[in-house]
>>> print(open('entry.csv').read())   # CSV, C-alpha atoms and all ligand atoms
chain,number,residue,atom,x,y,z
A,1,MET,CA,-90.1,-43.0,-169.9
A,2,ARG,CA,-88.6,-44.9,-167.0
A,3,TYR,CA,-88.3,-48.5,-165.8
A,4,LEU,CA,-87.4,-50.5,-162.8
A,5,THR,CA,-86.4,-54.2,-162.6
A,6,ALA,CA,-86.8,-56.5,-159.6
A,7,GLY,CA,-86.0,-60.1,-158.9
A,8,GLU,CA,-83.3,-62.5,-157.7
A,9,SER,CA,-81.3,-64.9,-159.9
A,10,HIS,CA,-82.8,-68.0,-158.2
A,11,GLY,CA,-86.0,-66.3,-157.0
A,12,PRO,CA,-89.4,-67.2,-158.5
A,13,GLN,CA,-89.4,-64.5,-161.2
A,14,LEU,CA,-87.9,-61.3,-162.7
A,15,THR,CA,-90.1,-58.3,-163.1
A,16,ALA,CA,-89.9,-55.0,-164.9
A,17,ILE,CA,-92.3,-52.0,-164.8
A,18,LEU,CA,-92.1,-49.5,-167.7
A,19,GLU,CA,-93.8,-46.2,-167.4
A,20,GLY,CA,-94.4,-43.5,-169.9
A,21,VAL,CA,-94.5,-45.7,-173.1
A,22,PRO,CA,-97.1,-43.9,-175.4
A,23,SER,CA,-100.4,-45.6,-176.1
A,24,ASN,CA,-101.2,-47.4,-179.4
A,25,LEU,CA,-97.7,-48.8,-179.9
A,26,PRO,CA,-98.1,-52.1,-181.7
A,27,PHE,CA,-96.9,-54.5,-179.1
A,28,SER,CA,-95.6,-58.0,-180.0
A,29,VAL,CA,-94.9,-60.5,-177.2
A,30,GLU,CA,-93.2,-62.7,-179.9
A,31,LYS,CA,-90.7,-59.9,-180.6
A,32,ILE,CA,-89.8,-59.7,-176.9
A,33,ASN,CA,-89.3,-63.5,-176.7
A,34,GLU,CA,-87.1,-63.3,-179.8
A,35,GLN,CA,-84.8,-60.9,-178.0
A,36,LEU,CA,-84.8,-63.0,-174.9
A,37,ALA,CA,-83.8,-66.0,-177.0
A,38,ARG,CA,-80.9,-64.0,-178.6
A,39,ARG,CA,-79.6,-63.2,-175.1
A,40,GLN,CA,-79.7,-66.8,-174.0
A,41,LYS,CA,-77.5,-68.0,-177.0
A,42,GLY,CA,-73.8,-67.5,-177.4
A,43,TYR,CA,-70.7,-69.7,-177.2
A,44,GLY,CA,-69.3,-69.9,-173.7
A,45,ARG,CA,-72.5,-70.0,-171.6
A,46,GLY,CA,-72.8,-72.4,-168.7
A,47,ARG,CA,-75.4,-75.0,-167.7
A,48,ARG,CA,-78.0,-72.5,-166.4
A,49,MET,CA,-78.9,-71.5,-169.9
A,50,GLN,CA,-80.1,-75.1,-170.6
A,51,ILE,CA,-82.4,-74.8,-167.6
A,52,GLU,CA,-84.0,-71.4,-168.5
A,53,LYS,CA,-86.3,-70.9,-171.5
A,54,ASP,CA,-87.0,-67.2,-171.0
A,55,GLN,CA,-90.6,-66.3,-172.1
A,56,VAL,CA,-92.2,-63.0,-171.1
A,57,GLN,CA,-95.7,-62.6,-169.6
A,58,VAL,CA,-97.3,-59.2,-170.0
A,59,LEU,CA,-99.4,-58.4,-166.9
A,60,SER,CA,-100.4,-54.8,-167.6
A,61,GLY,CA,-100.4,-51.9,-169.9
A,62,VAL,CA,-101.1,-53.8,-173.1
A,63,ARG,CA,-104.5,-54.8,-174.6
A,64,HIS,CA,-105.3,-56.6,-177.8
A,65,GLY,CA,-101.8,-56.0,-179.2
A,66,TYR,CA,-101.4,-52.3,-178.4
A,67,THR,CA,-100.1,-50.4,-175.4
A,68,THR,CA,-102.7,-48.4,-173.6
A,69,GLY,CA,-100.4,-45.7,-172.0
A,70,ALA,CA,-100.7,-47.4,-168.6
A,71,PRO,CA,-97.6,-48.8,-166.8
A,72,ILE,CA,-96.4,-52.0,-168.5
A,73,THR,CA,-95.5,-55.0,-166.3
A,74,LEU,CA,-93.3,-57.7,-167.7
A,75,VAL,CA,-92.5,-60.9,-165.9
A,76,VAL,CA,-90.1,-63.8,-166.8
A,77,GLU,CA,-90.1,-66.9,-164.6
A,78,ASN,CA,-86.9,-68.5,-163.3
A,79,LYS,CA,-87.3,-72.2,-164.1
A,80,ASP,CA,-84.4,-72.9,-161.7
A,81,TRP,CA,-86.6,-71.6,-158.9
A,82,ALA,CA,-88.0,-75.2,-158.6
A,83,HIS,CA,-84.5,-76.2,-157.2
A,84,TRP,CA,-84.1,-73.2,-155.0
A,85,GLN,CA,-87.5,-72.7,-153.4
A,86,GLY,CA,-86.4,-73.7,-149.9
A,87,ILE,CA,-83.2,-71.7,-150.2
A,88,MET,CA,-84.7,-68.5,-151.6
A,89,SER,CA,-88.1,-68.6,-149.8
A,90,ALA,CA,-89.5,-65.3,-148.3
A,91,GLU,CA,-90.7,-67.3,-145.3
A,92,PRO,CA,-88.5,-67.3,-142.1
A,93,VAL,CA,-86.3,-70.5,-141.8
A,94,GLU,CA,-87.9,-73.0,-139.4
A,95,ASP,CA,-85.0,-75.0,-138.2
A,96,GLY,CA,-82.7,-72.0,-137.9
A,97,GLU,CA,-80.3,-73.3,-140.6
A,98,VAL,CA,-79.9,-71.2,-143.7
A,99,LYS,CA,-78.9,-73.4,-146.6
A,100,ARG,CA,-76.2,-72.4,-149.1
A,101,ARG,CA,-75.0,-69.5,-147.1
A,102,VAL,CA,-72.1,-67.7,-148.8
A,103,ALA,CA,-69.3,-66.6,-146.4
A,104,ARG,CA,-66.4,-66.4,-148.8
A,105,PRO,CA,-66.7,-63.3,-151.0
A,106,ARG,CA,-65.6,-63.8,-154.7
A,107,PRO,CA,-63.1,-61.2,-155.9
A,108,GLY,CA,-64.6,-59.0,-158.6
A,109,HIS,CA,-68.2,-59.4,-157.4
A,110,ALA,CA,-70.5,-57.2,-155.4
A,111,ASP,CA,-70.4,-59.8,-152.5
A,112,LEU,CA,-68.2,-58.2,-149.9
A,113,ASN,CA,-69.0,-54.5,-150.5
A,114,GLY,CA,-72.7,-55.3,-150.6
A,115,ALA,CA,-72.5,-57.4,-147.4
A,116,ILE,CA,-70.8,-54.7,-145.5
A,117,LYS,CA,-73.1,-52.0,-146.9
A,118,TYR,CA,-76.4,-53.9,-146.2
A,119,HIS,CA,-75.3,-55.6,-142.9
A,120,GLN,CA,-75.6,-59.1,-144.4
A,121,ARG,CA,-73.7,-62.0,-143.0
A,122,ASP,CA,-75.0,-64.3,-145.8
A,123,MET,CA,-73.6,-62.9,-149.1
A,124,ARG,CA,-76.2,-64.8,-151.1
A,125,ASN,CA,-78.5,-61.8,-150.2
A,126,ILE,CA,-76.1,-59.7,-152.4
A,127,LEU,CA,-75.1,-62.0,-155.2
A,128,GLU,CA,-78.7,-63.1,-156.0
A,129,ARG,CA,-79.5,-59.5,-157.1
A,130,SER,CA,-76.1,-58.5,-158.5
A,131,SER,CA,-76.2,-61.5,-160.8
A,132,ALA,CA,-76.3,-60.9,-164.5
A,133,ARG,CA,-79.6,-62.9,-164.6
A,134,GLU,CA,-81.1,-59.4,-164.2
A,135,THR,CA,-80.0,-58.6,-167.8
A,136,THR,CA,-83.0,-60.7,-168.9
A,137,MET,CA,-85.3,-57.8,-167.9
A,138,ARG,CA,-83.0,-55.2,-169.5
A,139,VAL,CA,-83.4,-57.1,-172.8
A,140,ALA,CA,-87.2,-57.4,-172.3
A,141,VAL,CA,-87.4,-53.6,-171.7
A,142,GLY,CA,-85.1,-53.0,-174.6
A,143,ALA,CA,-87.4,-55.1,-176.8
A,144,VAL,CA,-90.3,-52.7,-176.1
A,145,ALA,CA,-88.1,-49.8,-176.9
A,146,ARG,CA,-87.1,-51.4,-180.2
A,147,GLN,CA,-90.8,-51.6,-181.1
A,148,LEU,CA,-91.1,-47.9,-180.5
A,149,LEU,CA,-87.9,-47.2,-182.5
A,150,GLU,CA,-89.1,-49.4,-185.3
A,151,ALA,CA,-92.3,-47.2,-185.6
A,152,CYS,CA,-89.9,-44.2,-185.9
A,153,GLY,CA,-87.7,-45.8,-188.6
A,154,ILE,CA,-84.7,-46.4,-186.3
A,155,ARG,CA,-82.7,-49.6,-186.3
A,156,VAL,CA,-80.3,-51.1,-183.7
A,157,ALA,CA,-77.6,-53.7,-184.2
A,158,GLY,CA,-74.8,-55.1,-182.2
A,159,GLN,CA,-71.6,-57.1,-182.7
A,160,VAL,CA,-68.7,-58.5,-180.8
A,161,LEU,CA,-65.3,-57.0,-181.7
A,162,GLN,CA,-63.0,-58.8,-179.2
A,163,ILE,CA,-63.0,-61.8,-176.9
A,164,GLY,CA,-60.0,-62.3,-174.7
A,165,ASP,CA,-57.0,-61.3,-176.9
A,166,VAL,CA,-58.7,-62.2,-180.2
A,167,VAL,CA,-59.5,-58.9,-182.0
A,168,ALA,CA,-61.9,-59.0,-185.0
A,169,LYS,CA,-61.1,-57.2,-188.2
A,170,ARG,CA,-63.3,-54.2,-188.7
A,171,ILE,CA,-66.0,-55.1,-191.3
A,172,ASP,CA,-68.5,-52.4,-192.3
A,173,LEU,CA,-71.7,-53.7,-193.8
A,174,PRO,CA,-75.2,-52.3,-194.3
A,175,ILE,CA,-77.1,-52.7,-191.0
A,176,GLU,CA,-79.5,-55.4,-192.3
A,177,GLU,CA,-76.6,-57.5,-193.5
A,178,GLN,CA,-74.7,-57.0,-190.2
A,179,ILE,CA,-77.8,-58.2,-188.3
A,180,ARG,CA,-78.2,-61.3,-190.5
A,181,LEU,CA,-74.5,-62.3,-190.2
A,182,THR,CA,-74.1,-61.7,-186.5
A,183,GLU,CA,-77.2,-63.8,-185.9
A,184,GLU,CA,-75.5,-66.7,-187.6
A,185,SER,CA,-72.3,-66.4,-185.6
A,186,PRO,CA,-72.0,-68.3,-182.2
A,187,VAL,CA,-70.0,-65.3,-180.9
A,188,ARG,CA,-71.9,-62.6,-182.8
A,189,CYS,CA,-68.8,-61.6,-184.7
A,190,LEU,CA,-68.6,-60.6,-188.4
A,191,ASP,CA,-65.0,-61.7,-188.9
A,192,LYS,CA,-65.2,-65.5,-189.6
A,193,GLU,CA,-61.5,-66.1,-189.0
A,194,ALA,CA,-61.6,-64.3,-185.7
A,195,GLU,CA,-64.8,-66.2,-184.8
A,196,SER,CA,-63.1,-69.5,-184.8
A,197,ARG,CA,-60.2,-68.2,-182.8
A,198,MET,CA,-62.6,-66.6,-180.3
A,199,MET,CA,-64.3,-70.0,-179.8
A,200,ALA,CA,-61.0,-71.8,-179.4
A,201,ALA,CA,-60.0,-69.1,-176.8
A,202,ILE,CA,-63.3,-69.7,-174.9
A,203,ASP,CA,-62.7,-73.5,-174.9
A,204,LYS,CA,-59.2,-73.0,-173.6
A,205,ALA,CA,-60.3,-70.7,-170.8
A,206,LYS,CA,-63.1,-73.2,-169.8
A,207,GLU,CA,-60.6,-76.0,-169.7
A,208,GLU,CA,-58.3,-74.0,-167.5
A,209,GLY,CA,-61.2,-73.0,-165.1
A,210,ASP,CA,-60.8,-69.4,-166.3
A,211,SER,CA,-63.1,-66.8,-167.9
A,212,LEU,CA,-62.8,-64.2,-170.8
A,213,GLY,CA,-64.1,-60.7,-171.4
A,214,GLY,CA,-64.3,-58.6,-174.5
A,215,ILE,CA,-65.6,-55.7,-176.4
A,216,VAL,CA,-69.1,-55.2,-177.9
A,217,GLU,CA,-70.3,-52.5,-180.2
A,218,VAL,CA,-73.8,-51.1,-180.7
A,219,ARG,CA,-74.9,-49.2,-183.8
A,220,VAL,CA,-78.1,-47.2,-184.2
A,221,GLU,CA,-79.3,-45.9,-187.6
A,222,GLY,CA,-82.0,-43.5,-188.6
A,223,VAL,CA,-81.7,-41.2,-185.6
A,224,PRO,CA,-82.8,-37.6,-186.3
A,225,ILE,CA,-80.5,-34.7,-185.4
A,226,GLY,CA,-80.9,-33.2,-182.0
A,227,LEU,CA,-81.7,-36.0,-179.5
A,228,GLY,CA,-80.2,-35.1,-176.2
A,229,SER,CA,-79.0,-31.6,-175.4
A,230,HIS,CA,-75.9,-29.5,-174.8
A,231,VAL,CA,-77.6,-27.3,-172.2
A,232,GLN,CA,-77.3,-29.4,-169.0
A,233,TRP,CA,-75.0,-32.2,-167.9
A,234,ASP,CA,-77.7,-34.8,-167.3
A,235,ARG,CA,-79.3,-34.1,-170.7
A,236,LYS,CA,-76.2,-34.9,-172.7
A,237,LEU,CA,-77.1,-38.1,-174.6
A,238,ASP,CA,-73.5,-39.4,-174.9
A,239,GLY,CA,-73.3,-39.2,-171.1
A,240,ARG,CA,-76.6,-41.0,-170.7
A,241,LEU,CA,-75.6,-43.8,-173.2
A,242,ALA,CA,-72.3,-44.2,-171.3
A,243,GLN,CA,-74.2,-44.7,-168.0
A,244,ALA,CA,-76.7,-47.1,-169.6
A,245,VAL,CA,-73.9,-49.3,-171.0
A,246,MET,CA,-71.6,-49.0,-168.0
A,247,SER,CA,-74.5,-50.2,-165.8
A,248,ILE,CA,-74.5,-53.6,-167.4
A,249,GLN,CA,-73.1,-56.2,-165.0
A,250,ALA,CA,-69.3,-56.6,-165.5
A,251,PHE,CA,-68.8,-53.6,-167.8
A,252,LYS,CA,-65.7,-51.5,-167.1
A,253,GLY,CA,-65.5,-49.0,-169.9
A,254,VAL,CA,-67.5,-47.3,-172.6
A,255,GLU,CA,-66.5,-45.3,-175.7
A,256,ILE,CA,-68.3,-43.4,-178.4
A,257,GLY,CA,-67.1,-43.2,-182.0
A,258,ILE,CA,-63.3,-43.5,-182.1
A,259,GLY,CA,-63.4,-43.0,-178.3
A,260,PHE,CA,-60.0,-43.4,-176.6
A,261,GLU,CA,-58.2,-43.4,-179.9
A,262,ALA,CA,-59.0,-39.6,-180.2
A,263,ALA,CA,-56.4,-38.9,-177.5
A,264,GLY,CA,-53.5,-39.8,-179.8
A,265,ARG,CA,-54.8,-38.1,-183.0
A,266,PRO,CA,-54.5,-34.5,-184.1
A,267,GLY,CA,-57.8,-32.7,-184.3
A,268,SER,CA,-57.8,-32.7,-188.1
A,269,GLN,CA,-58.1,-36.5,-187.9
A,270,VAL,CA,-60.7,-36.6,-185.2
A,271,HIS,CA,-63.5,-34.2,-186.3
A,272,ASP,CA,-65.9,-35.0,-189.1
A,273,GLU,CA,-66.3,-32.4,-191.9
A,274,ILE,CA,-69.7,-31.1,-192.5
A,275,ILE,CA,-71.4,-31.4,-195.9
A,276,TRP,CA,-74.8,-30.6,-197.3
A,277,GLU,CA,-76.7,-32.9,-199.8
A,278,GLU,CA,-79.8,-32.1,-201.8
A,279,GLY,CA,-82.8,-34.0,-200.4
A,280,LYS,CA,-80.7,-35.1,-197.3
A,281,GLY,CA,-79.7,-31.9,-195.7
A,282,PHE,CA,-76.7,-31.6,-193.4
A,283,THR,CA,-74.5,-34.7,-192.9
A,284,ARG,CA,-70.8,-35.6,-192.2
A,285,LYS,CA,-68.1,-37.0,-194.4
A,286,THR,CA,-66.9,-39.4,-191.7
A,287,ASN,CA,-68.3,-40.6,-188.4
A,288,ARG,CA,-65.5,-40.5,-185.9
A,289,ALA,CA,-67.8,-38.8,-183.4
A,290,GLY,CA,-70.0,-41.9,-183.4
A,291,GLY,CA,-73.1,-39.8,-184.2
A,292,LEU,CA,-72.8,-37.5,-181.2
A,293,GLU,CA,-71.5,-34.0,-180.9
A,294,GLY,CA,-72.2,-31.6,-178.0
A,295,GLY,CA,-74.2,-34.2,-176.2
A,296,MET,CA,-76.7,-34.4,-179.2
A,297,THR,CA,-77.2,-36.7,-182.1
A,298,ASN,CA,-75.8,-35.3,-185.4
A,299,GLY,CA,-77.8,-37.7,-187.7
A,300,MET,CA,-74.9,-40.1,-188.3
A,301,PRO,CA,-75.1,-43.6,-187.0
A,302,ILE,CA,-74.6,-43.8,-183.2
A,303,ILE,CA,-71.6,-46.0,-182.4
A,304,VAL,CA,-71.2,-47.1,-178.7
A,305,ARG,CA,-68.7,-49.7,-177.5
A,306,GLY,CA,-68.4,-51.3,-174.1
A,307,VAL,CA,-65.7,-53.4,-172.4
A,308,MET,CA,-66.8,-56.4,-170.4
A,309,LYS,CA,-64.4,-57.8,-167.9
A,310,PRO,CA,-64.0,-61.6,-167.6
A,311,ILE,CA,-66.7,-63.0,-165.4
A,312,PRO,CA,-65.3,-63.1,-161.9
A,313,THR,CA,-66.8,-66.4,-160.9
A,314,LEU,CA,-63.9,-68.8,-161.6
A,315,TYR,CA,-63.7,-72.6,-161.3
A,316,LYS,CA,-60.1,-71.9,-160.5
A,317,PRO,CA,-61.0,-69.5,-157.7
A,318,LEU,CA,-58.8,-66.6,-156.5
A,319,MET,CA,-57.8,-66.1,-152.9
A,320,SER,CA,-60.3,-64.4,-150.6
A,321,VAL,CA,-61.0,-64.2,-146.9
A,322,ASP,CA,-63.8,-66.0,-145.0
A,323,ILE,CA,-66.0,-63.4,-143.3
A,324,ASP,CA,-66.5,-65.6,-140.2
A,325,THR,CA,-63.0,-66.8,-139.4
A,326,LYS,CA,-61.0,-64.0,-141.3
A,327,GLU,CA,-58.8,-66.9,-142.6
A,328,PRO,CA,-57.7,-66.8,-146.2
A,329,PHE,CA,-59.6,-69.3,-148.4
A,330,THR,CA,-60.2,-69.8,-152.1
A,331,ALA,CA,-63.4,-68.0,-152.9
A,332,SER,CA,-66.8,-69.8,-153.3
A,333,ILE,CA,-67.4,-71.5,-156.5
A,334,GLU,CA,-70.8,-70.7,-158.0
A,335,ARG,CA,-71.8,-72.3,-161.3
A,336,SER,CA,-71.0,-69.8,-164.0
A,337,ASP,CA,-70.4,-69.0,-167.7
A,338,SER,CA,-66.9,-69.0,-169.0
A,339,CYS,CA,-67.7,-66.1,-171.5
A,340,ALA,CA,-70.9,-64.1,-171.7
A,341,VAL,CA,-69.6,-61.4,-174.2
A,342,PRO,CA,-72.0,-62.5,-177.1
A,343,ALA,CA,-75.0,-62.3,-174.7
A,344,ALA,CA,-73.7,-58.9,-173.4
A,345,SER,CA,-73.8,-57.6,-176.9
A,346,VAL,CA,-77.5,-58.2,-177.0
A,347,VAL,CA,-77.9,-56.6,-173.5
A,348,ALA,CA,-75.9,-53.5,-174.8
A,349,GLU,CA,-78.2,-53.2,-177.8
A,350,ALA,CA,-81.2,-53.3,-175.4
A,351,VAL,CA,-80.0,-50.6,-173.0
A,352,VAL,CA,-79.0,-48.4,-175.9
A,353,ALA,CA,-82.4,-48.9,-177.6
A,354,TRP,CA,-84.1,-47.9,-174.4
A,355,GLU,CA,-82.0,-44.7,-174.0
A,356,ILE,CA,-82.6,-43.7,-177.6
A,357,ALA,CA,-86.3,-44.3,-177.2
A,358,ARG,CA,-86.4,-42.2,-174.1
A,359,ALA,CA,-84.6,-39.4,-175.9
A,360,ILE,CA,-87.1,-39.6,-178.7
A,361,CYS,CA,-90.0,-39.3,-176.3
A,362,GLU,CA,-88.3,-36.2,-174.7
A,363,LYS,CA,-87.8,-34.5,-178.1
A,364,PHE,CA,-91.3,-35.4,-179.3
A,365,PRO,CA,-93.5,-35.5,-176.2
A,366,ALA,CA,-96.6,-37.5,-177.0
A,367,ASP,CA,-99.3,-39.5,-175.1
A,368,ALA,CA,-100.0,-41.6,-178.2
A,369,MET,CA,-97.9,-43.1,-181.0
A,370,GLU,CA,-99.9,-41.2,-183.6
A,371,GLU,CA,-98.7,-37.9,-182.1
A,372,LEU,CA,-95.1,-39.2,-181.8
A,373,VAL,CA,-94.9,-40.4,-185.4
A,374,ASP,CA,-96.4,-37.2,-186.7
A,375,GLY,CA,-94.0,-35.1,-184.7
A,376,ILE,CA,-91.0,-37.0,-186.1
A,377,ARG,CA,-92.3,-36.8,-189.6
A,378,GLN,CA,-92.6,-33.1,-189.5
A,379,TYR,CA,-89.3,-32.7,-187.8
A,380,ARG,CA,-87.5,-34.8,-190.5
A,381,ALA,CA,-89.0,-32.6,-193.2
A,382,TYR,CA,-87.8,-29.5,-191.3
A,383,MET,CA,-84.3,-31.1,-191.0
A,384,GLU,CA,-84.1,-31.4,-194.8
A,385,ARG,CA,-85.2,-27.8,-195.4
A,386,PHE,CA,-82.9,-26.3,-192.7
A,401,LIG,C1,-74.5,-65.6,-163.2
A,401,LIG,C2,-74.2,-66.9,-163.0
A,401,LIG,C3,-74.9,-68.0,-163.8
A,401,LIG,C4,-75.3,-67.4,-165.1
A,401,LIG,C5,-76.2,-66.2,-164.8
A,401,LIG,C6,-75.4,-65.1,-164.3
A,401,LIG,O1,-76.1,-68.4,-163.2
A,401,LIG,P1,-76.1,-69.6,-162.1
A,401,LIG,O2,-75.4,-69.1,-160.9
A,401,LIG,O3,-77.5,-69.9,-161.8
A,401,LIG,O4,-75.4,-70.8,-162.8
A,401,LIG,O5,-75.9,-68.4,-165.9
A,401,LIG,O6,-76.8,-65.8,-166.0
A,401,LIG,C7,-78.1,-66.1,-166.1
A,401,LIG,C8,-78.8,-66.9,-165.3
A,401,LIG,C9,-78.7,-65.4,-167.3
A,401,LIG,O7,-79.9,-65.6,-167.5
A,401,LIG,O8,-78.0,-64.7,-167.9
A,401,LIG,C10,-74.0,-64.5,-162.3
A,401,LIG,O9,-73.5,-64.8,-161.2
A,401,LIG,O10,-74.0,-63.3,-162.7
>>> encode(input="entry.csv", output="structure tokens", more="lines below")
Ligand code: EPS
Amino acid sequence: MRYLTAGESHGPQLTAILEGVPSNLPFSVEKINEQLARRQKGYGRGRRMQIEKDQVQVLSGVRHGYTTGAPITLVVENKDWAHWQGIMSAEPVEDGEVKRRVARPRPGHADLNGAIKYHQRDMRNILERSSARETTMRVAVGAVARQLLEACGIRVAGQVLQIGDVVAKRIDLPIEEQIRLTEESPVRCLDKEAESRMMAAIDKAKEEGDSLGGIVEVRVEGVPIGLGSHVQWDRKLDGRLAQAVMSIQAFKGVEIGIGFEAAGRPGSQVHDEIIWEEGKGFTRKTNRAGGLEGGMTNGMPIIVRGVMKPIPTLYKPLMSVDIDTKEPFTASIERSDSCAVPAASVVAEAVVAWEIARAICEKFPADAMEELVDGIRQYRAYMERF
């Protein structure tokens, strides 16, 4: 399975094409829209989210509620396009004047590197595509993956563990309860006390024209043993998950299980002892490995965390250099969010869901869902017997 996304932040629409999704997957447009709505929520978002009401249109690959095995095309319109048509038009400019040209690169963005690389004197041609608006399509694609995972008995949940310097207490709950409680939280955090401090920190950052980053965690349950592989670098599932999460706009770090904490612990407090249980087969006493050993799933929940840096578009802009005059200036101010960590947690769930679905389809190659589900059922029975 593979996918591509296309589209600019203020262009007419965002598009994704998914290839290799098996046929006969029950396909719900409503479930995609639910995920899109989850991404649009979250304390700390800017005015743009009041303009957009993301709704997916399915243009190919699905008929009467089921996938056909053909490429799936998903489209989400940008409502803001109405205000940007002239500025973002594909037609040549008539009077020679390009509106809203960006000549002052924003530190922390793709603006300057992209402009130099692609020979662009108007950095809008870079920022429109590097914008986190693109994560809309990652979530739409992830919502299709979730429907495939659901048919295989696999659940995905996310939560926010830190915003700015506010760190949540670790609260371990059954996955259904985690999902219910994070949905009720404006910052997708399980720790109520930290939740109010996170919201206060966001208010303060906003007042000061600043922005905040944080840490999100994704958990996947019900995964069979042996997704991914130890035999080649690009088949190791931990590496693939890290790439998927790191590719989310503004992410600067990824860890699996206890991650960076493993550096300071002796081996006896890092590795998970193996046990065998009647009717369950091989499992682990603890889950410090975050469900992955040797680049493969070990049957324990997958735990992936990602660090999002504070959004670099600041109302209190940092110093930069004008690309025309080479004079120092404060960087351009583009409308922005003060914190998008809660939304990023939904995006992280989506990219992880896609990567797990892809690994499932590699382990159980199938043209149709009937074959896939049958393959997993037989394999789970074998896992118990092993
Ligand atoms: C973004 C800047 C803001 C965000 C946007 C990402 O958009 P605008 O410049 O139009 O105000 O709201 O996020 C989304 C539109 C979205 O759907 O998440 C950026 O520069 O990355």
>>> residues_around(input="entry.csv", residues="Asp54 in chain A", least_positions_apart="5", cutoff="8 Å", atoms="all atoms listed in the file", output="list of chain:residue names")
A:Asn33, A:Leu36, A:Ala37, A:Gln40, A:Val76, A:Glu77, A:Asn78, A:Thr136
>>> residues_near_point(input="entry.csv", point="(-83.8, -62.4, -164.2)", cutoff="8 Å", atoms="all atoms listed in the file", output="ChimeraX atom specification")
/A:7-9,13-15,76-78,132-137
>>> residues_around(input="entry.csv", residues="range 155-159 of chain A", least_positions_apart="6", cutoff="8 Å", atoms="all atoms listed in the file", output="MDAnalysis selection string")
chainID A and resid 146 149 175 178:179 182 188:190 216:222 342 345:346 348:349 353
>>> residues_near_ligand(input="entry.csv", ligand="ligand LIG 401 (chain A)", cutoff="8 Å", atoms="all atoms listed in the file", output="ChimeraX atom specification")
/A:9-10,39-40,45-49,52,80,127-128,130-136,249,311,313,334-337,343
>>> residues_near_point(input="entry.csv", point="(-78.3, -68.1, -153.8)", cutoff="12 Å", atoms="only C-alpha atoms", output="number ranges by chain")
A: 8-11, 80-81, 83-89, 98-103, 111, 122-131, 332-335
>>> residues_around(input="entry.csv", residues="Met1 in chain A", least_positions_apart="2", cutoff="9 Å", atoms="only C-alpha atoms", output="list in words")
Tyr3, Leu18, Glu19, Gly20, Val21, Pro22, Trp354, Ala357, Arg358, Ala359, Cys361 and Glu362 of chain A
>>> residues_around(input="entry.csv", residues="Ala250 in chain A", least_positions_apart="5", cutoff="10 Å", atoms="only C-alpha atoms", output="ChimeraX atom specification")
/A:108-109,130-132,213,307-312,340-341,344
>>> atom_distance(input="entry.csv", atom1="CA of Ala366 in chain A", atom2="CA of Ser23 in chain A")
9.0 Å
>>> closest_residue(input="entry.csv", among="A:Glu355, A:Glu261, A:Glu371, A:Glu91", to="Ala151 in chain A", atoms="all atoms listed in the file")
A:Glu371
>>> decode(input="entry.csv", residues="range 233-244 of chain A", atoms="N, CA and C atoms", output="CSV table (one decimal), in the first residue's frame")
chain,number,residue,atom,x,y,z
A,233,TRP,N,17.3,-3.3,6.5
A,233,TRP,CA,17.1,-2.0,7.2
A,233,TRP,C,15.8,-1.4,7.0
A,234,ASP,N,15.3,-1.4,5.7
A,234,ASP,CA,14.1,-0.7,5.4
A,234,ASP,C,12.8,-1.5,5.6
A,235,ARG,N,13.0,-2.7,6.2
A,235,ARG,CA,11.8,-3.5,6.6
A,235,ARG,C,11.6,-3.5,8.1
A,236,LYS,N,12.5,-2.9,8.8
A,236,LYS,CA,12.3,-2.8,10.3
A,236,LYS,C,11.2,-1.8,10.6
A,237,LEU,N,10.2,-2.3,11.3
A,237,LEU,CA,9.0,-1.6,11.5
A,237,LEU,C,9.2,-0.4,12.5
A,238,ASP,N,10.2,-0.5,13.4
A,238,ASP,CA,10.4,0.6,14.3
A,238,ASP,C,11.0,1.8,13.5
A,239,GLY,N,11.9,1.5,12.6
A,239,GLY,CA,12.4,2.5,11.7
A,239,GLY,C,11.4,3.2,10.8
A,240,ARG,N,10.5,2.3,10.4
A,240,ARG,CA,9.4,2.9,9.5
A,240,ARG,C,8.4,3.8,10.3
A,241,LEU,N,8.1,3.3,11.5
A,241,LEU,CA,7.3,4.2,12.3
A,241,LEU,C,7.9,5.5,12.7
A,242,ALA,N,9.2,5.4,13.0
A,242,ALA,CA,10.0,6.7,13.3
A,242,ALA,C,9.9,7.6,12.1
A,243,GLN,N,10.1,7.1,10.9
A,243,GLN,CA,10.1,7.9,9.7
A,243,GLN,C,8.7,8.6,9.5
A,244,ALA,N,7.7,7.7,9.7
A,244,ALA,CA,6.3,8.2,9.5
A,244,ALA,C,6.0,9.4,10.5
